[in-house]
>>> print(open('model33.csv').read())   # CSV, N, CA and C atoms
chain,number,residue,atom,x,y,z
J,183,MET,N,-0.4,262.6,26.9
J,183,MET,CA,-0.3,264.0,26.3
J,183,MET,C,-0.7,265.0,27.3
J,184,ASN,N,0.2,266.0,27.5
J,184,ASN,CA,-0.1,267.1,28.4
J,184,ASN,C,-0.9,268.1,27.7
J,185,THR,N,-2.1,268.4,28.2
J,185,THR,CA,-3.0,269.4,27.6
J,185,THR,C,-3.0,270.7,28.3
J,186,ALA,N,-2.0,270.9,29.2
J,186,ALA,CA,-2.0,272.2,30.0
J,186,ALA,C,-1.3,273.2,29.1
J,187,THR,N,-1.8,274.5,29.3
J,187,THR,CA,-1.1,275.6,28.7
J,187,THR,C,0.1,276.0,29.6
J,188,PRO,N,1.0,276.8,29.2
J,188,PRO,CA,2.2,277.1,30.0
J,188,PRO,C,2.0,277.5,31.4
J,189,ASN,N,0.9,278.2,31.7
J,189,ASN,CA,0.6,278.7,33.1
J,189,ASN,C,-0.3,277.8,33.9
J,190,GLU,N,-0.6,276.6,33.4
J,190,GLU,CA,-1.5,275.7,34.1
J,190,GLU,C,-0.7,274.5,34.5
J,191,HIS,N,-1.2,273.8,35.5
J,191,HIS,CA,-0.7,272.5,35.9
J,191,HIS,C,-1.2,271.4,35.1
J,192,PRO,N,-0.4,270.4,34.8
J,192,PRO,CA,-1.0,269.2,34.0
J,192,PRO,C,-2.2,268.6,34.7
J,193,SER,N,-3.1,268.2,33.9
J,193,SER,CA,-4.4,267.6,34.5
J,193,SER,C,-4.2,266.1,34.7
J,194,ALA,N,-4.9,265.6,35.7
J,194,ALA,CA,-5.0,264.2,36.0
J,194,ALA,C,-6.2,263.6,35.2
J,195,ILE,N,-7.0,264.5,34.7
J,195,ILE,CA,-8.2,264.0,33.9
J,195,ILE,C,-7.9,263.9,32.5
J,196,VAL,N,-8.4,262.8,31.9
J,196,VAL,CA,-8.2,262.5,30.5
J,196,VAL,C,-9.4,263.0,29.7
J,197,LYS,N,-9.1,263.7,28.6
J,197,LYS,CA,-10.2,264.2,27.7
J,197,LYS,C,-10.5,263.1,26.7
J,198,VAL,N,-11.8,262.7,26.6
J,198,VAL,CA,-12.1,261.7,25.6
J,198,VAL,C,-13.2,262.2,24.7
J,199,ASP,N,-13.3,261.5,23.5
J,199,ASP,CA,-14.3,261.8,22.5
J,199,ASP,C,-14.5,260.5,21.8
J,200,THR,N,-15.2,260.5,20.6
J,200,THR,CA,-15.4,259.3,19.9
J,200,THR,C,-14.2,258.5,19.5
J,201,SER,N,-13.1,259.3,19.3
J,201,SER,CA,-11.9,258.6,18.8
J,201,SER,C,-11.1,257.8,19.8
J,202,ASN,N,-11.3,258.1,21.1
J,202,ASN,CA,-10.5,257.4,22.1
J,202,ASN,C,-11.4,256.9,23.3
J,203,PHE,N,-12.7,257.0,23.2
J,203,PHE,CA,-13.6,256.5,24.2
J,203,PHE,C,-13.5,255.0,24.5
J,204,SER,N,-13.4,254.2,23.4
J,204,SER,CA,-13.3,252.8,23.6
J,204,SER,C,-12.0,252.4,24.4
J,205,GLU,N,-10.9,253.0,23.9
J,205,GLU,CA,-9.6,252.7,24.5
J,205,GLU,C,-9.5,253.2,26.0
J,206,GLU,N,-9.9,254.4,26.2
J,206,GLU,CA,-9.8,255.0,27.5
J,206,GLU,C,-10.8,254.6,28.6
J,207,VAL,N,-12.0,254.3,28.1
J,207,VAL,CA,-13.1,254.0,29.0
J,207,VAL,C,-13.5,252.5,28.9
J,208,LEU,N,-13.9,252.0,27.8
J,208,LEU,CA,-14.4,250.7,27.7
J,208,LEU,C,-13.4,249.6,27.9
J,209,GLN,N,-12.2,249.9,27.5
J,209,GLN,CA,-11.1,248.9,27.6
J,209,GLN,C,-10.2,249.1,28.8
J,210,SER,N,-10.6,250.0,29.7
J,210,SER,CA,-9.7,250.4,30.9
J,210,SER,C,-9.8,249.2,31.9
J,211,ALA,N,-8.6,248.9,32.4
J,211,ALA,CA,-8.5,247.9,33.5
J,211,ALA,C,-9.1,248.4,34.8
J,212,GLU,N,-9.1,249.7,35.0
J,212,GLU,CA,-9.6,250.2,36.2
J,212,GLU,C,-11.0,250.9,36.0
J,213,PRO,N,-11.8,251.1,37.1
J,213,PRO,CA,-13.1,251.8,36.9
J,213,PRO,C,-12.8,253.2,36.4
J,214,VAL,N,-13.8,253.7,35.6
J,214,VAL,CA,-13.7,255.0,35.0
J,214,VAL,C,-14.9,255.8,35.3
J,215,ILE,N,-14.7,257.0,35.9
J,215,ILE,CA,-15.7,258.0,36.0
J,215,ILE,C,-15.7,258.9,34.8
J,216,VAL,N,-16.9,258.9,34.1
J,216,VAL,CA,-17.0,259.7,32.9
J,216,VAL,C,-17.8,261.0,33.2
J,217,ASP,N,-17.3,262.1,33.0
J,217,ASP,CA,-18.0,263.4,33.2
J,217,ASP,C,-18.5,263.9,31.9
J,218,PHE,N,-19.8,263.7,31.6
J,218,PHE,CA,-20.4,264.3,30.4
J,218,PHE,C,-20.7,265.7,30.7
J,219,TRP,N,-20.1,266.6,29.9
J,219,TRP,CA,-20.3,268.1,30.2
J,219,TRP,C,-20.5,268.8,28.9
J,220,LYS,N,-20.8,270.1,29.0
J,220,LYS,CA,-20.9,270.9,27.8
J,220,LYS,C,-20.5,272.4,28.1
J,221,ASN,N,-20.1,273.1,27.1
J,221,ASN,CA,-19.7,274.5,27.3
J,221,ASN,C,-20.8,275.3,27.8
J,222,GLY,N,-20.5,276.3,28.7
J,222,GLY,CA,-21.5,277.2,29.2
J,222,GLY,C,-22.4,276.6,30.4
J,223,CYS,N,-22.0,275.4,30.8
J,223,CYS,CA,-22.8,274.7,31.9
J,223,CYS,C,-22.1,275.1,33.2
J,224,GLN,N,-22.8,275.9,34.0
J,224,GLN,CA,-22.2,276.4,35.3
J,224,GLN,C,-22.0,275.2,36.3
J,225,PRO,N,-22.9,274.3,36.4
J,225,PRO,CA,-22.7,273.2,37.3
J,225,PRO,C,-21.5,272.3,36.9
J,226,CYS,N,-21.3,272.2,35.6
J,226,CYS,CA,-20.1,271.5,35.0
J,226,CYS,C,-18.8,272.2,35.5
J,227,ASP,N,-18.8,273.5,35.4
J,227,ASP,CA,-17.6,274.3,35.8
J,227,ASP,C,-17.4,274.2,37.3
J,228,MET,N,-18.5,274.1,38.1
J,228,MET,CA,-18.4,274.0,39.5
J,228,MET,C,-17.8,272.7,40.0
J,229,ILE,N,-18.1,271.6,39.3
J,229,ILE,CA,-17.6,270.3,39.8
J,229,ILE,C,-16.2,270.0,39.3
J,230,ALA,N,-15.7,270.7,38.3
J,230,ALA,CA,-14.5,270.4,37.7
J,230,ALA,C,-13.3,270.4,38.7
J,231,PRO,N,-13.2,271.3,39.6
J,231,PRO,CA,-12.0,271.2,40.5
J,231,PRO,C,-12.1,270.0,41.4
J,232,PHE,N,-13.3,269.6,41.8
J,232,PHE,CA,-13.5,268.4,42.6
J,232,PHE,C,-13.1,267.1,41.9
J,233,LEU,N,-13.5,267.1,40.6
J,233,LEU,CA,-13.1,265.9,39.8
J,233,LEU,C,-11.6,265.9,39.6
J,234,GLU,N,-11.0,267.0,39.4
J,234,GLU,CA,-9.5,267.0,39.3
J,234,GLU,C,-8.9,266.5,40.6
J,235,GLN,N,-9.4,266.9,41.7
J,235,GLN,CA,-8.9,266.4,43.0
J,235,GLN,C,-9.1,264.9,43.2
J,236,ILE,N,-10.2,264.4,42.8
J,236,ILE,CA,-10.5,263.0,42.9
J,236,ILE,C,-9.6,262.2,42.0
J,237,ALA,N,-9.4,262.7,40.8
J,237,ALA,CA,-8.5,262.1,39.8
J,237,ALA,C,-7.1,262.0,40.3
J,238,THR,N,-6.6,263.0,41.0
J,238,THR,CA,-5.3,263.0,41.5
J,238,THR,C,-5.2,262.0,42.7
J,239,GLU,N,-6.2,262.1,43.6
J,239,GLU,CA,-6.1,261.3,44.8
J,239,GLU,C,-6.3,259.8,44.5
J,240,LEU,N,-7.1,259.5,43.5
J,240,LEU,CA,-7.4,258.1,43.3
J,240,LEU,C,-6.6,257.5,42.0
J,241,ALA,N,-5.6,258.3,41.6
J,241,ALA,CA,-4.9,257.8,40.4
J,241,ALA,C,-4.3,256.4,40.7
J,242,GLY,N,-4.5,255.6,39.6
J,242,GLY,CA,-4.1,254.2,39.7
J,242,GLY,C,-5.2,253.3,40.2
J,243,LYS,N,-6.2,253.8,40.8
J,243,LYS,CA,-7.4,253.0,41.3
J,243,LYS,C,-8.6,253.3,40.5
J,244,VAL,N,-8.8,254.6,40.1
J,244,VAL,CA,-9.9,255.0,39.3
J,244,VAL,C,-9.4,256.0,38.3
J,245,LYS,N,-9.9,256.0,37.1
J,245,LYS,CA,-9.6,256.9,36.0
J,245,LYS,C,-10.8,257.9,35.9
J,246,VAL,N,-10.5,259.2,35.8
J,246,VAL,CA,-11.5,260.2,35.6
J,246,VAL,C,-11.3,260.8,34.2
J,247,VAL,N,-12.4,260.8,33.4
J,247,VAL,CA,-12.3,261.3,32.1
J,247,VAL,C,-13.4,262.3,31.9
J,248,THR,N,-13.2,263.3,31.0
J,248,THR,CA,-14.3,264.2,30.6
J,248,THR,C,-14.6,264.1,29.1
J,249,LEU,N,-15.9,264.2,28.8
J,249,LEU,CA,-16.4,264.1,27.5
J,249,LEU,C,-17.3,265.3,27.2
J,250,ASN,N,-16.9,266.1,26.2
J,250,ASN,CA,-17.8,267.2,25.8
J,250,ASN,C,-18.9,266.7,25.0
J,251,GLY,N,-20.1,266.8,25.5
J,251,GLY,CA,-21.3,266.2,24.8
J,251,GLY,C,-21.6,266.9,23.5
J,252,GLU,N,-21.2,268.1,23.4
J,252,GLU,CA,-21.4,268.9,22.1
J,252,GLU,C,-20.5,268.3,21.0
J,253,GLU,N,-19.4,267.8,21.4
J,253,GLU,CA,-18.4,267.3,20.4
J,253,GLU,C,-18.6,265.8,20.1
J,254,SER,N,-19.3,265.1,21.0
J,254,SER,CA,-19.5,263.7,20.8
J,254,SER,C,-21.0,263.3,21.1
J,255,PRO,N,-21.9,263.9,20.2
J,255,PRO,CA,-23.4,263.7,20.5
J,255,PRO,C,-23.8,262.2,20.4
J,256,GLU,N,-23.0,261.4,19.6
J,256,GLU,CA,-23.4,260.0,19.4
J,256,GLU,C,-23.2,259.3,20.7
J,257,LEU,N,-22.2,259.6,21.5
J,257,LEU,CA,-21.9,259.0,22.8
J,257,LEU,C,-23.0,259.4,23.8
J,258,VAL,N,-23.3,260.7,23.7
J,258,VAL,CA,-24.4,261.2,24.6
J,258,VAL,C,-25.7,260.4,24.4
J,259,GLU,N,-26.0,260.2,23.1
J,259,GLU,CA,-27.2,259.5,22.8
J,259,GLU,C,-27.1,258.0,23.2
J,260,GLN,N,-26.0,257.4,22.9
J,260,GLN,CA,-25.8,256.0,23.2
J,260,GLN,C,-25.9,255.7,24.7
J,261,TYR,N,-25.5,256.6,25.6
J,261,TYR,CA,-25.5,256.4,27.0
J,261,TYR,C,-26.7,257.1,27.7
J,262,GLY,N,-27.6,257.7,26.9
J,262,GLY,CA,-28.8,258.2,27.5
J,262,GLY,C,-28.6,259.5,28.4
J,263,VAL,N,-27.6,260.3,28.1
J,263,VAL,CA,-27.4,261.5,28.8
J,263,VAL,C,-28.5,262.5,28.6
J,264,ARG,N,-29.2,262.9,29.6
J,264,ARG,CA,-30.3,263.8,29.5
J,264,ARG,C,-30.0,265.2,29.9
J,265,GLY,N,-29.0,265.4,30.7
J,265,GLY,CA,-28.6,266.8,31.2
J,265,GLY,C,-27.2,266.8,31.6
J,266,TYR,N,-26.7,268.0,31.8
J,266,TYR,CA,-25.3,268.2,32.1
J,266,TYR,C,-25.1,268.9,33.5
J,267,PRO,N,-24.1,268.5,34.2
J,267,PRO,CA,-23.2,267.4,34.0
J,267,PRO,C,-23.9,266.1,34.3
J,268,THR,N,-23.5,265.0,33.7
J,268,THR,CA,-23.9,263.7,34.1
J,268,THR,C,-22.6,262.9,34.3
J,269,LEU,N,-22.5,262.3,35.5
J,269,LEU,CA,-21.4,261.5,35.8
J,269,LEU,C,-21.8,260.0,35.8
J,270,ALA,N,-21.0,259.2,35.1
J,270,ALA,CA,-21.3,257.8,35.0
J,270,ALA,C,-20.1,257.0,35.4
J,271,LEU,N,-20.3,255.9,36.0
J,271,LEU,CA,-19.1,255.0,36.4
J,271,LEU,C,-19.1,253.8,35.5
J,272,PHE,N,-18.0,253.5,34.8
J,272,PHE,CA,-17.9,252.4,34.0
J,272,PHE,C,-16.9,251.4,34.6
J,273,LYS,N,-17.2,250.1,34.4
J,273,LYS,CA,-16.3,249.1,34.9
J,273,LYS,C,-16.4,247.9,33.9
J,274,GLY,N,-15.3,247.4,33.4
J,274,GLY,CA,-15.3,246.3,32.5
J,274,GLY,C,-16.1,246.5,31.2
J,275,GLY,N,-16.0,247.8,30.8
J,275,GLY,CA,-16.6,248.1,29.5
J,275,GLY,C,-18.1,248.4,29.6
J,276,GLU,N,-18.7,248.4,30.8
J,276,GLU,CA,-20.1,248.6,30.9
J,276,GLU,C,-20.4,249.7,31.9
J,277,VAL,N,-21.6,250.3,31.8
J,277,VAL,CA,-22.0,251.3,32.8
J,277,VAL,C,-22.3,250.5,34.1
J,278,ALA,N,-21.6,250.8,35.2
J,278,ALA,CA,-21.9,250.2,36.5
J,278,ALA,C,-22.8,251.1,37.3
J,279,VAL,N,-22.7,252.4,37.2
J,279,VAL,CA,-23.5,253.3,37.9
J,279,VAL,C,-23.9,254.4,36.9
J,280,ALA,N,-25.2,254.5,36.5
J,280,ALA,CA,-25.6,255.4,35.4
J,280,ALA,C,-25.5,256.8,35.8
J,281,ALA,N,-25.7,257.2,37.0
J,281,ALA,CA,-25.7,258.6,37.4
J,281,ALA,C,-25.2,258.8,38.8
J,282,ILE,N,-24.0,259.4,39.0
J,282,ILE,CA,-23.5,259.7,40.3
J,282,ILE,C,-24.0,261.0,40.7
J,283,ASP,N,-24.7,261.0,41.9
J,283,ASP,CA,-25.4,262.2,42.3
J,283,ASP,C,-24.3,263.2,42.9
J,284,PHE,N,-24.2,264.4,42.3
J,284,PHE,CA,-23.3,265.4,42.7
J,284,PHE,C,-24.0,266.5,43.4
J,285,ARG,N,-25.3,266.5,43.5
J,285,ARG,CA,-26.1,267.6,44.0
J,285,ARG,C,-26.4,267.6,45.4
J,286,THR,N,-26.5,266.4,46.0
J,286,THR,CA,-26.9,266.2,47.4
J,286,THR,C,-25.7,265.8,48.3
J,287,GLY,N,-25.6,266.3,49.5
J,287,GLY,CA,-24.6,265.9,50.4
J,287,GLY,C,-23.2,266.2,49.9
J,288,SER,N,-22.3,265.3,50.2
J,288,SER,CA,-20.9,265.4,49.8
J,288,SER,C,-20.7,264.8,48.5
J,289,PHE,N,-20.1,265.5,47.6
J,289,PHE,CA,-19.7,265.0,46.3
J,289,PHE,C,-18.7,263.8,46.5
J,290,ARG,N,-17.8,264.0,47.4
J,290,ARG,CA,-16.8,262.9,47.6
J,290,ARG,C,-17.5,261.6,48.1
J,291,ALA,N,-18.5,261.8,49.0
J,291,ALA,CA,-19.3,260.6,49.5
J,291,ALA,C,-20.1,260.0,48.3
J,292,SER,N,-20.6,260.7,47.4
J,292,SER,CA,-21.3,260.2,46.3
J,292,SER,C,-20.4,259.3,45.4
J,293,ILE,N,-19.2,259.8,45.2
J,293,ILE,CA,-18.2,259.1,44.5
J,293,ILE,C,-17.8,257.8,45.2
J,294,SER,N,-17.6,257.9,46.5
J,294,SER,CA,-17.2,256.8,47.3
J,294,SER,C,-18.3,255.7,47.3
J,295,ASN,N,-19.5,256.2,47.4
J,295,ASN,CA,-20.7,255.2,47.4
J,295,ASN,C,-20.7,254.5,46.1
J,296,ALA,N,-20.5,255.2,45.0
J,296,ALA,CA,-20.6,254.6,43.7
J,296,ALA,C,-19.5,253.6,43.5
J,297,LEU,N,-18.3,253.9,44.0
J,297,LEU,CA,-17.2,253.0,43.9
J,297,LEU,C,-17.4,251.8,44.8
J,298,ALA,N,-18.0,252.0,46.0
J,298,ALA,CA,-18.2,250.9,46.9
J,298,ALA,C,-19.3,249.9,46.3
J,299,SER,N,-20.2,250.4,45.5
J,299,SER,CA,-21.2,249.6,44.9
J,299,SER,C,-20.6,248.6,43.9
J,300,LEU,N,-19.4,248.9,43.4
J,300,LEU,CA,-18.7,247.9,42.5
J,300,LEU,C,-18.2,246.7,43.2
J,301,ARG,N,-18.0,246.8,44.5
J,301,ARG,CA,-17.5,245.7,45.3
J,301,ARG,C,-18.6,244.7,45.8
J,302,THR,N,-19.8,245.1,45.7
J,302,THR,CA,-20.9,244.3,46.2
J,302,THR,C,-21.4,243.3,45.1
>>> encode(input="model33.csv", output="structure tokens")
Amino acid sequence: MNTATPNEHPSAIVKVDTSNFSEEVLQSAEPVIVDFWKNGCQPCDMIAPFLEQIATELAGKVKVVTLNGEESPELVEQYGVRGYPTLALFKGGEVAVAAIDFRTGSFRASISNALASLRT
């Protein structure tokens, strides 16, 4: 489903909530980066373009999804999200990396390190 408005480009990021989280994240054959975010969160807005770029570059290898914590509080509670944004890496239906650090160093390096940890 294309969620872009007429003046926007289609997004490589999938929007998830309680209705499709299991299918898109837990049952995914590829690793999934879940971006837990909320409205009005400036850091959430700041990392959004980087997540879009990563989703495009790693398409077919890694899926990137966003989950609005205000719309899916039960998932926020289930996965222990304490602040926004929180990035978690799922593989095989389980949390593989609970929190990808986006604040220090290179955001891309943090994603790469999290993905590399899946191979060890």
>>> select_by_dssp(input="model33.csv", residues="region 214-258 of chain J", states="strand (DSSP E)", output="list of chain:residue names")
J:Val214, J:Ile215, J:Val216, J:Asp217, J:Phe218, J:Trp219, J:Lys245, J:Val246, J:Val247, J:Thr248, J:Leu249, J:Asn250
>>> write_last_selection(input="model33.csv", atoms="N, CA and C atoms", output="tab-separated table (two decimals), in the coordinates of the input")
chain	number	residue	atom	x	y	z
J	214	VAL	N	-13.80	253.70	35.60
J	214	VAL	CA	-13.70	255.00	35.00
J	214	VAL	C	-14.90	255.80	35.30
J	215	ILE	N	-14.70	257.00	35.90
J	215	ILE	CA	-15.70	258.00	36.00
J	215	ILE	C	-15.70	258.90	34.80
J	216	VAL	N	-16.90	258.90	34.10
J	216	VAL	CA	-17.00	259.70	32.90
J	216	VAL	C	-17.80	261.00	33.20
J	217	ASP	N	-17.30	262.10	33.00
J	217	ASP	CA	-18.00	263.40	33.20
J	217	ASP	C	-18.50	263.90	31.90
J	218	PHE	N	-19.80	263.70	31.60
J	218	PHE	CA	-20.40	264.30	30.40
J	218	PHE	C	-20.70	265.70	30.70
J	219	TRP	N	-20.10	266.60	29.90
J	219	TRP	CA	-20.30	268.10	30.20
J	219	TRP	C	-20.50	268.80	28.90
J	245	LYS	N	-9.90	256.00	37.10
J	245	LYS	CA	-9.60	256.90	36.00
J	245	LYS	C	-10.80	257.90	35.90
J	246	VAL	N	-10.50	259.20	35.80
J	246	VAL	CA	-11.50	260.20	35.60
J	246	VAL	C	-11.30	260.80	34.20
J	247	VAL	N	-12.40	260.80	33.40
J	247	VAL	CA	-12.30	261.30	32.10
J	247	VAL	C	-13.40	262.30	31.90
J	248	THR	N	-13.20	263.30	31.00
J	248	THR	CA	-14.30	264.20	30.60
J	248	THR	C	-14.60	264.10	29.10
J	249	LEU	N	-15.90	264.20	28.80
J	249	LEU	CA	-16.40	264.10	27.50
J	249	LEU	C	-17.30	265.30	27.20
J	250	ASN	N	-16.90	266.10	26.20
J	250	ASN	CA	-17.80	267.20	25.80
J	250	ASN	C	-18.90	266.70	25.00
>>> select_by_dssp(input="model33.csv", residues="region 188-267 of chain J", states="helix (DSSP H, G or I)", output="PyMOL selection string")
chain J and resi 203-208+224-239+255-260
>>> residues_around(input="model33.csv", residues="Pro225 (chain J)", least_positions_apart="2", cutoff="8 Å", atoms="only C-alpha atoms", output="PyMOL selection string")
chain J and resi 223+227-229+266-267
>>> write_last_selection(input="model33.csv", atoms="N, CA and C atoms", output="PDB file, in the coordinates of the input")
ATOM      1  N   CYS J 223     -22.000 275.400  30.800  1.00  0.00           N
ATOM      2  CA  CYS J 223     -22.800 274.700  31.900  1.00  0.00           C
ATOM      3  C   CYS J 223     -22.100 275.100  33.200  1.00  0.00           C
ATOM      4  N   ASP J 227     -18.800 273.500  35.400  1.00  0.00           N
ATOM      5  CA  ASP J 227     -17.600 274.300  35.800  1.00  0.00           C
ATOM      6  C   ASP J 227     -17.400 274.200  37.300  1.00  0.00           C
ATOM      7  N   MET J 228     -18.500 274.100  38.100  1.00  0.00           N
ATOM      8  CA  MET J 228     -18.400 274.000  39.500  1.00  0.00           C
ATOM      9  C   MET J 228     -17.800 272.700  40.000  1.00  0.00           C
ATOM     10  N   ILE J 229     -18.100 271.600  39.300  1.00  0.00           N
ATOM     11  CA  ILE J 229     -17.600 270.300  39.800  1.00  0.00           C
ATOM     12  C   ILE J 229     -16.200 270.000  39.300  1.00  0.00           C
ATOM     13  N   TYR J 266     -26.700 268.000  31.800  1.00  0.00           N
ATOM     14  CA  TYR J 266     -25.300 268.200  32.100  1.00  0.00           C
ATOM     15  C   TYR J 266     -25.100 268.900  33.500  1.00  0.00           C
ATOM     16  N   PRO J 267     -24.100 268.500  34.200  1.00  0.00           N
ATOM     17  CA  PRO J 267     -23.200 267.400  34.000  1.00  0.00           C
ATOM     18  C   PRO J 267     -23.900 266.100  34.300  1.00  0.00           C
TER      19      PRO J 267
END
>>> residues_around(input="model33.csv", residues="region 269-280 of chain J", least_positions_apart="4", cutoff="9 Å", atoms="only C-alpha atoms", output="MDAnalysis selection string")
chainID J and resid 204 207:219 261:262 284 296:297 299:300
>>> write_last_selection(input="model33.csv", atoms="N, CA and C atoms", output="PDB file, keeping the file's coordinate frame")
ATOM      1  N   SER J 204     -13.400 254.200  23.400  1.00  0.00           N
ATOM      2  CA  SER J 204     -13.300 252.800  23.600  1.00  0.00           C
ATOM      3  C   SER J 204     -12.000 252.400  24.400  1.00  0.00           C
ATOM      4  N   VAL J 207     -12.000 254.300  28.100  1.00  0.00           N
ATOM      5  CA  VAL J 207     -13.100 254.000  29.000  1.00  0.00           C
ATOM      6  C   VAL J 207     -13.500 252.500  28.900  1.00  0.00           C
ATOM      7  N   LEU J 208     -13.900 252.000  27.800  1.00  0.00           N
ATOM      8  CA  LEU J 208     -14.400 250.700  27.700  1.00  0.00           C
ATOM      9  C   LEU J 208     -13.400 249.600  27.900  1.00  0.00           C
ATOM     10  N   GLN J 209     -12.200 249.900  27.500  1.00  0.00           N
ATOM     11  CA  GLN J 209     -11.100 248.900  27.600  1.00  0.00           C
ATOM     12  C   GLN J 209     -10.200 249.100  28.800  1.00  0.00           C
ATOM     13  N   SER J 210     -10.600 250.000  29.700  1.00  0.00           N
ATOM     14  CA  SER J 210      -9.700 250.400  30.900  1.00  0.00           C
ATOM     15  C   SER J 210      -9.800 249.200  31.900  1.00  0.00           C
ATOM     16  N   ALA J 211      -8.600 248.900  32.400  1.00  0.00           N
ATOM     17  CA  ALA J 211      -8.500 247.900  33.500  1.00  0.00           C
ATOM     18  C   ALA J 211      -9.100 248.400  34.800  1.00  0.00           C
ATOM     19  N   GLU J 212      -9.100 249.700  35.000  1.00  0.00           N
ATOM     20  CA  GLU J 212      -9.600 250.200  36.200  1.00  0.00           C
ATOM     21  C   GLU J 212     -11.000 250.900  36.000  1.00  0.00           C
ATOM     22  N   PRO J 213     -11.800 251.100  37.100  1.00  0.00           N
ATOM     23  CA  PRO J 213     -13.100 251.800  36.900  1.00  0.00           C
ATOM     24  C   PRO J 213     -12.800 253.200  36.400  1.00  0.00           C
ATOM     25  N   VAL J 214     -13.800 253.700  35.600  1.00  0.00           N
ATOM     26  CA  VAL J 214     -13.700 255.000  35.000  1.00  0.00           C
ATOM     27  C   VAL J 214     -14.900 255.800  35.300  1.00  0.00           C
ATOM     28  N   ILE J 215     -14.700 257.000  35.900  1.00  0.00           N
ATOM     29  CA  ILE J 215     -15.700 258.000  36.000  1.00  0.00           C
ATOM     30  C   ILE J 215     -15.700 258.900  34.800  1.00  0.00           C
ATOM     31  N   VAL J 216     -16.900 258.900  34.100  1.00  0.00           N
ATOM     32  CA  VAL J 216     -17.000 259.700  32.900  1.00  0.00           C
ATOM     33  C   VAL J 216     -17.800 261.000  33.200  1.00  0.00           C
ATOM     34  N   ASP J 217     -17.300 262.100  33.000  1.00  0.00           N
ATOM     35  CA  ASP J 217     -18.000 263.400  33.200  1.00  0.00           C
ATOM     36  C   ASP J 217     -18.500 263.900  31.900  1.00  0.00           C
ATOM     37  N   PHE J 218     -19.800 263.700  31.600  1.00  0.00           N
ATOM     38  CA  PHE J 218     -20.400 264.300  30.400  1.00  0.00           C
ATOM     39  C   PHE J 218     -20.700 265.700  30.700  1.00  0.00           C
ATOM     40  N   TRP J 219     -20.100 266.600  29.900  1.00  0.00           N
ATOM     41  CA  TRP J 219     -20.300 268.100  30.200  1.00  0.00           C
ATOM     42  C   TRP J 219     -20.500 268.800  28.900  1.00  0.00           C
ATOM     43  N   TYR J 261     -25.500 256.600  25.600  1.00  0.00           N
ATOM     44  CA  TYR J 261     -25.500 256.400  27.000  1.00  0.00           C
ATOM     45  C   TYR J 261     -26.700 257.100  27.700  1.00  0.00           C
ATOM     46  N   GLY J 262     -27.600 257.700  26.900  1.00  0.00           N
ATOM     47  CA  GLY J 262     -28.800 258.200  27.500  1.00  0.00           C
ATOM     48  C   GLY J 262     -28.600 259.500  28.400  1.00  0.00           C
ATOM     49  N   PHE J 284     -24.200 264.400  42.300  1.00  0.00           N
ATOM     50  CA  PHE J 284     -23.300 265.400  42.700  1.00  0.00           C
ATOM     51  C   PHE J 284     -24.000 266.500  43.400  1.00  0.00           C
ATOM     52  N   ALA J 296     -20.500 255.200  45.000  1.00  0.00           N
ATOM     53  CA  ALA J 296     -20.600 254.600  43.700  1.00  0.00           C
ATOM     54  C   ALA J 296     -19.500 253.600  43.500  1.00  0.00           C
ATOM     55  N   LEU J 297     -18.300 253.900  44.000  1.00  0.00           N
ATOM     56  CA  LEU J 297     -17.200 253.000  43.900  1.00  0.00           C
ATOM     57  C   LEU J 297     -17.400 251.800  44.800  1.00  0.00           C
ATOM     58  N   SER J 299     -20.200 250.400  45.500  1.00  0.00           N
ATOM     59  CA  SER J 299     -21.200 249.600  44.900  1.00  0.00           C
ATOM     60  C   SER J 299     -20.600 248.600  43.900  1.00  0.00           C
ATOM     61  N   LEU J 300     -19.400 248.900  43.400  1.00  0.00           N
ATOM     62  CA  LEU J 300     -18.700 247.900  42.500  1.00  0.00           C
ATOM     63  C   LEU J 300     -18.200 246.700  43.200  1.00  0.00           C
TER      64      LEU J 300
END
>>> closest_residue(input="model33.csv", among="J:Gln235, J:Asn221, J:Thr268, J:Lys197", to="Ile282 (chain J)", atoms="only C-alpha atoms")
J:Thr268
>>> atom_distance(input="model33.csv", atom1="CA of Thr238 (chain J)", atom2="CA of Arg290 (chain J)")
13.0 Å
>>> closest_residue(input="model33.csv", among="J:Cys226, J:Ala194, J:Ala298, J:Val263", to="Lys245 (chain J)", atoms="all atoms listed in the file")
J:Ala194
>>> atom_distance(input="model33.csv", atom1="CA of Lys243 (chain J)", atom2="CA of Glu205 (chain J)")
16.9 Å
>>> atom_distance(input="model33.csv", atom1="CA of Val198 (chain J)", atom2="CA of Ala291 (chain J)")
25.0 Å
>>> residues_around(input="model33.csv", residues="Thr200 (chain J)", least_positions_apart="4", cutoff="8 Å", atoms="all atoms listed in the file", output="mmCIF file with N, CA and C atoms, keeping the file's coordinate frame")
data_model
loop_
_atom_site.group_PDB
_atom_site.id
_atom_site.type_symbol
_atom_site.label_atom_id
_atom_site.label_comp_id
_atom_site.auth_asym_id
_atom_site.auth_seq_id
_atom_site.Cartn_x
_atom_site.Cartn_y
_atom_site.Cartn_z
ATOM 1 N N SER J 204 -13.400 254.200 23.400
ATOM 2 C CA SER J 204 -13.300 252.800 23.600
ATOM 3 C C SER J 204 -12.000 252.400 24.400
ATOM 4 N N GLU J 205 -10.900 253.000 23.900
ATOM 5 C CA GLU J 205 -9.600 252.700 24.500
ATOM 6 C C GLU J 205 -9.500 253.200 26.000
ATOM 7 N N LEU J 249 -15.900 264.200 28.800
ATOM 8 C CA LEU J 249 -16.400 264.100 27.500
ATOM 9 C C LEU J 249 -17.300 265.300 27.200
ATOM 10 N N GLU J 253 -19.400 267.800 21.400
ATOM 11 C CA GLU J 253 -18.400 267.300 20.400
ATOM 12 C C GLU J 253 -18.600 265.800 20.100
ATOM 13 N N SER J 254 -19.300 265.100 21.000
ATOM 14 C CA SER J 254 -19.500 263.700 20.800
ATOM 15 C C SER J 254 -21.000 263.300 21.100
ATOM 16 N N PRO J 255 -21.900 263.900 20.200
ATOM 17 C CA PRO J 255 -23.400 263.700 20.500
ATOM 18 C C PRO J 255 -23.800 262.200 20.400
ATOM 19 N N GLU J 256 -23.000 261.400 19.600
ATOM 20 C CA GLU J 256 -23.400 260.000 19.400
ATOM 21 C C GLU J 256 -23.200 259.300 20.700
ATOM 22 N N LEU J 257 -22.200 259.600 21.500
ATOM 23 C CA LEU J 257 -21.900 259.000 22.800
ATOM 24 C C LEU J 257 -23.000 259.400 23.800
#
